[in-house]
Amino acid sequence: MTNKNSDILRKMSVTAMLIALGVVLPMAFHSVPQGGMIFLPMHIPVLLCGLLSGYPYGLACGILTPLISSLITSMPPPAMLPQMLCELAVYGFVAGLLMGLVRTKKLYPRVFVALIGAMLAGRVAYGLLNAMVLQGGSYSLEIWLGAAFVTAVPGIAIQLVLIPALVLALDRALGVSIAKKS
């Protein structure tokens, strides 16, 4: 198998595993009232996928994870699925895109820039979709700030600590740069 084929196979395998994790992980957090909105468990695998495999795979993971999860577990519920699908698609796409565009000598700053950029872009997409399409007229800046940032502070903190550590650990453990520029 050529290096290109093995790289594609690795990215597809990582994406499939992270989609599965994105379906299973939220189940643990939904036993806590509003656990999904507070801890953002589905965001972690999608952001990881974009960072590890690149933007096409991150985009696919961001679309397929909430869709499959909704079909299998009813999380997110159908009323929340469009927002989640768009938000997570942006997370995966932007994380992968920025990993390919950001040029640093060290992996850690590159991961952090890509992660923060993706987190902001996804939250903006979520807010714009709600304001312009899904909840037009009843959606305000205060509602967006509360949902995207205030309620989600624990999840944001988890993402900022856990995701870079996981990317670095996987990069070291595999002995090759798994977070190559896409």
# chains A, B, ... in the order shown; residues from 1 in each chain; ligands from 1
>>> select_by_dssp(residues="stretch 108-140 of chain A", states="helix (DSSP H, G or I)", output="PyMOL selection string")
chain A and resi 108-134
>>> residues_around(residues="A:Gly62", least_positions_apart="5", cutoff="9 Å", atoms="only C-alpha atoms", output="PyMOL selection string")
chain A and resi 19+43+45-47+49-50+57+67+84-93
>>> atom_distance(atom1="atom CA of A:Ser140", atom2="atom CA of A:Ala125")
14.2 Å
>>> residues_around(residues="A:Met80", least_positions_apart="6", cutoff="10 Å", atoms="only C-alpha atoms", output="PyMOL selection string")
chain A and resi 66+70+134
>>> closest_atom_pairs(of="stretch 62-149 of chain A", to="stretch 162-165 of chain A", cutoff="12 Å", atoms="only C-alpha atoms", output="CSV")
residue,atom,partner,partner_atom,distance
A:Ala95,CA,A:Ile163,CA,11.5
A:Leu107,CA,A:Pro164,CA,9.2
A:Tyr108,CA,A:Pro164,CA,6.7
A:Pro109,CA,A:Pro164,CA,9.1
A:Arg110,CA,A:Pro164,CA,9.5
A:Val111,CA,A:Pro164,CA,6.2
A:Phe112,CA,A:Pro164,CA,6.6
A:Val113,CA,A:Pro164,CA,10.2
A:Ala114,CA,A:Pro164,CA,10.1
A:Leu115,CA,A:Pro164,CA,8.1
A:Ile116,CA,A:Pro164,CA,10.6
A:Met119,CA,A:Ile163,CA,11.7
>>> atom_distance(atom1="atom CA of A:Ala79", atom2="atom CA of A:Ile156")
23.2 Å
>>> residues_around(residues="A:Phe39", least_positions_apart="4", cutoff="7 Å", atoms="only C-alpha atoms", output="PDB file with N, CA, C and O atoms, in the first residue's frame")
ATOM      1  N   GLY A  35     -26.530  18.482  30.689  1.00  0.00           N
ATOM      2  CA  GLY A  35     -25.131  18.067  30.589  1.00  0.00           C
ATOM      3  C   GLY A  35     -24.536  18.296  29.216  1.00  0.00           C
ATOM      4  O   GLY A  35     -23.365  18.655  29.093  1.00  0.00           O
ATOM      5  N   ALA A 152     -21.761  27.210  28.532  1.00  0.00           N
ATOM      6  CA  ALA A 152     -20.778  26.252  28.035  1.00  0.00           C
ATOM      7  C   ALA A 152     -19.373  26.423  28.615  1.00  0.00           C
ATOM      8  O   ALA A 152     -18.450  25.745  28.169  1.00  0.00           O
ATOM      9  N   PRO A 154     -17.821  25.303  31.293  1.00  0.00           N
ATOM     10  CA  PRO A 154     -17.121  24.055  31.644  1.00  0.00           C
ATOM     11  C   PRO A 154     -16.681  23.265  30.406  1.00  0.00           C
ATOM     12  O   PRO A 154     -15.561  22.756  30.360  1.00  0.00           O
ATOM     13  N   GLY A 155     -17.532  23.179  29.396  1.00  0.00           N
ATOM     14  CA  GLY A 155     -17.191  22.459  28.170  1.00  0.00           C
ATOM     15  C   GLY A 155     -16.062  23.122  27.411  1.00  0.00           C
ATOM     16  O   GLY A 155     -15.176  22.443  26.872  1.00  0.00           O
TER      17      GLY A 155
END
>>> closest_residue(among="A:Met132, A:Val153, A:Ser138, A:Leu48", to="A:Val167", atoms="only C-alpha atoms")
A:Leu48
>>> decode(residues="stretch 25-67 of chain A", atoms="N, CA and C atoms", output="PDB file, in the first residue's frame")
ATOM      1  N   LEU A  25     -20.028   9.148  23.718  1.00  0.00           N
ATOM      2  CA  LEU A  25     -19.596  10.058  24.788  1.00  0.00           C
ATOM      3  C   LEU A  25     -20.732  10.919  25.363  1.00  0.00           C
ATOM      4  N   PRO A  26     -21.597  11.502  24.541  1.00  0.00           N
ATOM      5  CA  PRO A  26     -22.676  12.321  25.115  1.00  0.00           C
ATOM      6  C   PRO A  26     -23.621  11.566  26.036  1.00  0.00           C
ATOM      7  N   MET A  27     -23.755  10.269  25.846  1.00  0.00           N
ATOM      8  CA  MET A  27     -24.655   9.495  26.706  1.00  0.00           C
ATOM      9  C   MET A  27     -24.245   9.598  28.176  1.00  0.00           C
ATOM     10  N   ALA A  28     -22.972   9.643  28.442  1.00  0.00           N
ATOM     11  CA  ALA A  28     -22.489   9.758  29.818  1.00  0.00           C
ATOM     12  C   ALA A  28     -22.827  11.116  30.425  1.00  0.00           C
ATOM     13  N   PHE A  29     -22.854  12.139  29.615  1.00  0.00           N
ATOM     14  CA  PHE A  29     -23.080  13.494  30.124  1.00  0.00           C
ATOM     15  C   PHE A  29     -24.559  13.865  30.193  1.00  0.00           C
ATOM     16  N   HIS A  30     -25.402  13.150  29.483  1.00  0.00           N
ATOM     17  CA  HIS A  30     -26.822  13.498  29.481  1.00  0.00           C
ATOM     18  C   HIS A  30     -27.558  12.993  30.717  1.00  0.00           C
ATOM     19  N   SER A  31     -26.864  12.300  31.606  1.00  0.00           N
ATOM     20  CA  SER A  31     -27.479  11.939  32.882  1.00  0.00           C
ATOM     21  C   SER A  31     -27.498  13.160  33.805  1.00  0.00           C
ATOM     22  N   VAL A  32     -26.674  14.155  33.510  1.00  0.00           N
ATOM     23  CA  VAL A  32     -26.643  15.425  34.245  1.00  0.00           C
ATOM     24  C   VAL A  32     -27.639  16.362  33.558  1.00  0.00           C
ATOM     25  N   PRO A  33     -28.515  17.032  34.303  1.00  0.00           N
ATOM     26  CA  PRO A  33     -29.436  17.981  33.659  1.00  0.00           C
ATOM     27  C   PRO A  33     -28.657  19.019  32.845  1.00  0.00           C
ATOM     28  N   GLN A  34     -29.030  19.173  31.607  1.00  0.00           N
ATOM     29  CA  GLN A  34     -28.389  20.059  30.632  1.00  0.00           C
ATOM     30  C   GLN A  34     -26.899  19.736  30.450  1.00  0.00           C
ATOM     31  N   GLY A  35     -26.530  18.482  30.689  1.00  0.00           N
ATOM     32  CA  GLY A  35     -25.131  18.067  30.589  1.00  0.00           C
ATOM     33  C   GLY A  35     -24.536  18.296  29.216  1.00  0.00           C
ATOM     34  N   GLY A  36     -25.328  18.079  28.177  1.00  0.00           N
ATOM     35  CA  GLY A  36     -24.836  18.304  26.812  1.00  0.00           C
ATOM     36  C   GLY A  36     -24.515  19.759  26.552  1.00  0.00           C
ATOM     37  N   MET A  37     -25.365  20.653  27.033  1.00  0.00           N
ATOM     38  CA  MET A  37     -25.152  22.091  26.819  1.00  0.00           C
ATOM     39  C   MET A  37     -24.020  22.638  27.685  1.00  0.00           C
ATOM     40  N   ILE A  38     -23.782  21.990  28.808  1.00  0.00           N
ATOM     41  CA  ILE A  38     -22.744  22.462  29.735  1.00  0.00           C
ATOM     42  C   ILE A  38     -21.373  21.900  29.358  1.00  0.00           C
ATOM     43  N   PHE A  39     -21.294  20.596  29.095  1.00  0.00           N
ATOM     44  CA  PHE A  39     -20.001  19.933  28.892  1.00  0.00           C
ATOM     45  C   PHE A  39     -19.617  19.748  27.420  1.00  0.00           C
ATOM     46  N   LEU A  40     -20.557  19.911  26.496  1.00  0.00           N
ATOM     47  CA  LEU A  40     -20.308  19.854  25.056  1.00  0.00           C
ATOM     48  C   LEU A  40     -19.562  18.585  24.618  1.00  0.00           C
ATOM     49  N   PRO A  41     -20.020  17.412  25.053  1.00  0.00           N
ATOM     50  CA  PRO A  41     -19.257  16.191  24.770  1.00  0.00           C
ATOM     51  C   PRO A  41     -19.155  15.827  23.294  1.00  0.00           C
ATOM     52  N   MET A  42     -20.134  16.184  22.481  1.00  0.00           N
ATOM     53  CA  MET A  42     -20.081  15.837  21.062  1.00  0.00           C
ATOM     54  C   MET A  42     -19.077  16.711  20.313  1.00  0.00           C
ATOM     55  N   HIS A  43     -18.751  17.868  20.860  1.00  0.00           N
ATOM     56  CA  HIS A  43     -17.812  18.776  20.201  1.00  0.00           C
ATOM     57  C   HIS A  43     -16.397  18.203  20.187  1.00  0.00           C
ATOM     58  N   ILE A  44     -16.023  17.499  21.250  1.00  0.00           N
ATOM     59  CA  ILE A  44     -14.644  17.028  21.407  1.00  0.00           C
ATOM     60  C   ILE A  44     -14.212  16.103  20.260  1.00  0.00           C
ATOM     61  N   PRO A  45     -14.959  15.047  19.938  1.00  0.00           N
ATOM     62  CA  PRO A  45     -14.525  14.185  18.837  1.00  0.00           C
ATOM     63  C   PRO A  45     -14.483  14.898  17.487  1.00  0.00           C
ATOM     64  N   VAL A  46     -15.419  15.812  17.249  1.00  0.00           N
ATOM     65  CA  VAL A  46     -15.453  16.515  15.968  1.00  0.00           C
ATOM     66  C   VAL A  46     -14.245  17.446  15.839  1.00  0.00           C
ATOM     67  N   LEU A  47     -13.947  18.191  16.885  1.00  0.00           N
ATOM     68  CA  LEU A  47     -12.771  19.062  16.857  1.00  0.00           C
ATOM     69  C   LEU A  47     -11.503  18.235  16.699  1.00  0.00           C
ATOM     70  N   LEU A  48     -11.408  17.129  17.418  1.00  0.00           N
ATOM     71  CA  LEU A  48     -10.246  16.236  17.284  1.00  0.00           C
ATOM     72  C   LEU A  48     -10.105  15.730  15.853  1.00  0.00           C
ATOM     73  N   CYS A  49     -11.196  15.371  15.236  1.00  0.00           N
ATOM     74  CA  CYS A  49     -11.155  14.839  13.877  1.00  0.00           C
ATOM     75  C   CYS A  49     -10.591  15.878  12.916  1.00  0.00           C
ATOM     76  N   GLY A  50     -11.068  17.112  13.003  1.00  0.00           N
ATOM     77  CA  GLY A  50     -10.537  18.155  12.130  1.00  0.00           C
ATOM     78  C   GLY A  50      -9.054  18.369  12.357  1.00  0.00           C
ATOM     79  N   LEU A  51      -8.638  18.400  13.607  1.00  0.00           N
ATOM     80  CA  LEU A  51      -7.238  18.631  13.947  1.00  0.00           C
ATOM     81  C   LEU A  51      -6.344  17.473  13.492  1.00  0.00           C
ATOM     82  N   LEU A  52      -6.815  16.248  13.649  1.00  0.00           N
ATOM     83  CA  LEU A  52      -5.999  15.074  13.354  1.00  0.00           C
ATOM     84  C   LEU A  52      -6.027  14.659  11.887  1.00  0.00           C
ATOM     85  N   SER A  53      -7.167  14.847  11.226  1.00  0.00           N
ATOM     86  CA  SER A  53      -7.331  14.291   9.883  1.00  0.00           C
ATOM     87  C   SER A  53      -7.496  15.319   8.785  1.00  0.00           C
ATOM     88  N   GLY A  54      -7.762  16.568   9.132  1.00  0.00           N
ATOM     89  CA  GLY A  54      -7.913  17.600   8.115  1.00  0.00           C
ATOM     90  C   GLY A  54      -9.358  17.986   7.868  1.00  0.00           C
ATOM     91  N   TYR A  55      -9.511  19.043   7.086  1.00  0.00           N
ATOM     92  CA  TYR A  55     -10.846  19.636   6.926  1.00  0.00           C
ATOM     93  C   TYR A  55     -11.894  18.764   6.233  1.00  0.00           C
ATOM     94  N   PRO A  56     -11.565  17.959   5.206  1.00  0.00           N
ATOM     95  CA  PRO A  56     -12.652  17.167   4.609  1.00  0.00           C
ATOM     96  C   PRO A  56     -13.222  16.146   5.596  1.00  0.00           C
ATOM     97  N   TYR A  57     -12.337  15.542   6.367  1.00  0.00           N
ATOM     98  CA  TYR A  57     -12.753  14.538   7.347  1.00  0.00           C
ATOM     99  C   TYR A  57     -13.430  15.198   8.550  1.00  0.00           C
ATOM    100  N   GLY A  58     -12.925  16.353   8.965  1.00  0.00           N
ATOM    101  CA  GLY A  58     -13.556  17.097  10.046  1.00  0.00           C
ATOM    102  C   GLY A  58     -14.970  17.518   9.677  1.00  0.00           C
ATOM    103  N   LEU A  59     -15.143  17.961   8.446  1.00  0.00           N
ATOM    104  CA  LEU A  59     -16.472  18.341   7.954  1.00  0.00           C
ATOM    105  C   LEU A  59     -17.403  17.134   7.956  1.00  0.00           C
ATOM    106  N   ALA A  60     -16.926  16.009   7.431  1.00  0.00           N
ATOM    107  CA  ALA A  60     -17.750  14.790   7.412  1.00  0.00           C
ATOM    108  C   ALA A  60     -18.119  14.351   8.822  1.00  0.00           C
ATOM    109  N   CYS A  61     -17.151  14.392   9.727  1.00  0.00           N
ATOM    110  CA  CYS A  61     -17.406  14.018  11.118  1.00  0.00           C
ATOM    111  C   CYS A  61     -18.431  14.958  11.754  1.00  0.00           C
ATOM    112  N   GLY A  62     -18.313  16.257  11.462  1.00  0.00           N
ATOM    113  CA  GLY A  62     -19.235  17.240  12.013  1.00  0.00           C
ATOM    114  C   GLY A  62     -20.664  17.080  11.513  1.00  0.00           C
ATOM    115  N   ILE A  63     -20.811  16.548  10.316  1.00  0.00           N
ATOM    116  CA  ILE A  63     -22.151  16.307   9.766  1.00  0.00           C
ATOM    117  C   ILE A  63     -22.697  14.957  10.248  1.00  0.00           C
ATOM    118  N   LEU A  64     -21.870  13.931  10.157  1.00  0.00           N
ATOM    119  CA  LEU A  64     -22.345  12.576  10.457  1.00  0.00           C
ATOM    120  C   LEU A  64     -22.555  12.310  11.944  1.00  0.00           C
ATOM    121  N   THR A  65     -21.726  12.894  12.799  1.00  0.00           N
ATOM    122  CA  THR A  65     -21.840  12.603  14.230  1.00  0.00           C
ATOM    123  C   THR A  65     -23.201  12.987  14.803  1.00  0.00           C
ATOM    124  N   PRO A  66     -23.655  14.239  14.662  1.00  0.00           N
ATOM    125  CA  PRO A  66     -24.976  14.550  15.238  1.00  0.00           C
ATOM    126  C   PRO A  66     -26.120  13.843  14.512  1.00  0.00           C
ATOM    127  N   LEU A  67     -25.958  13.614  13.212  1.00  0.00           N
ATOM    128  CA  LEU A  67     -27.006  12.944  12.452  1.00  0.00           C
ATOM    129  C   LEU A  67     -27.174  11.493  12.919  1.00  0.00           C
TER     130      LEU A  67
END
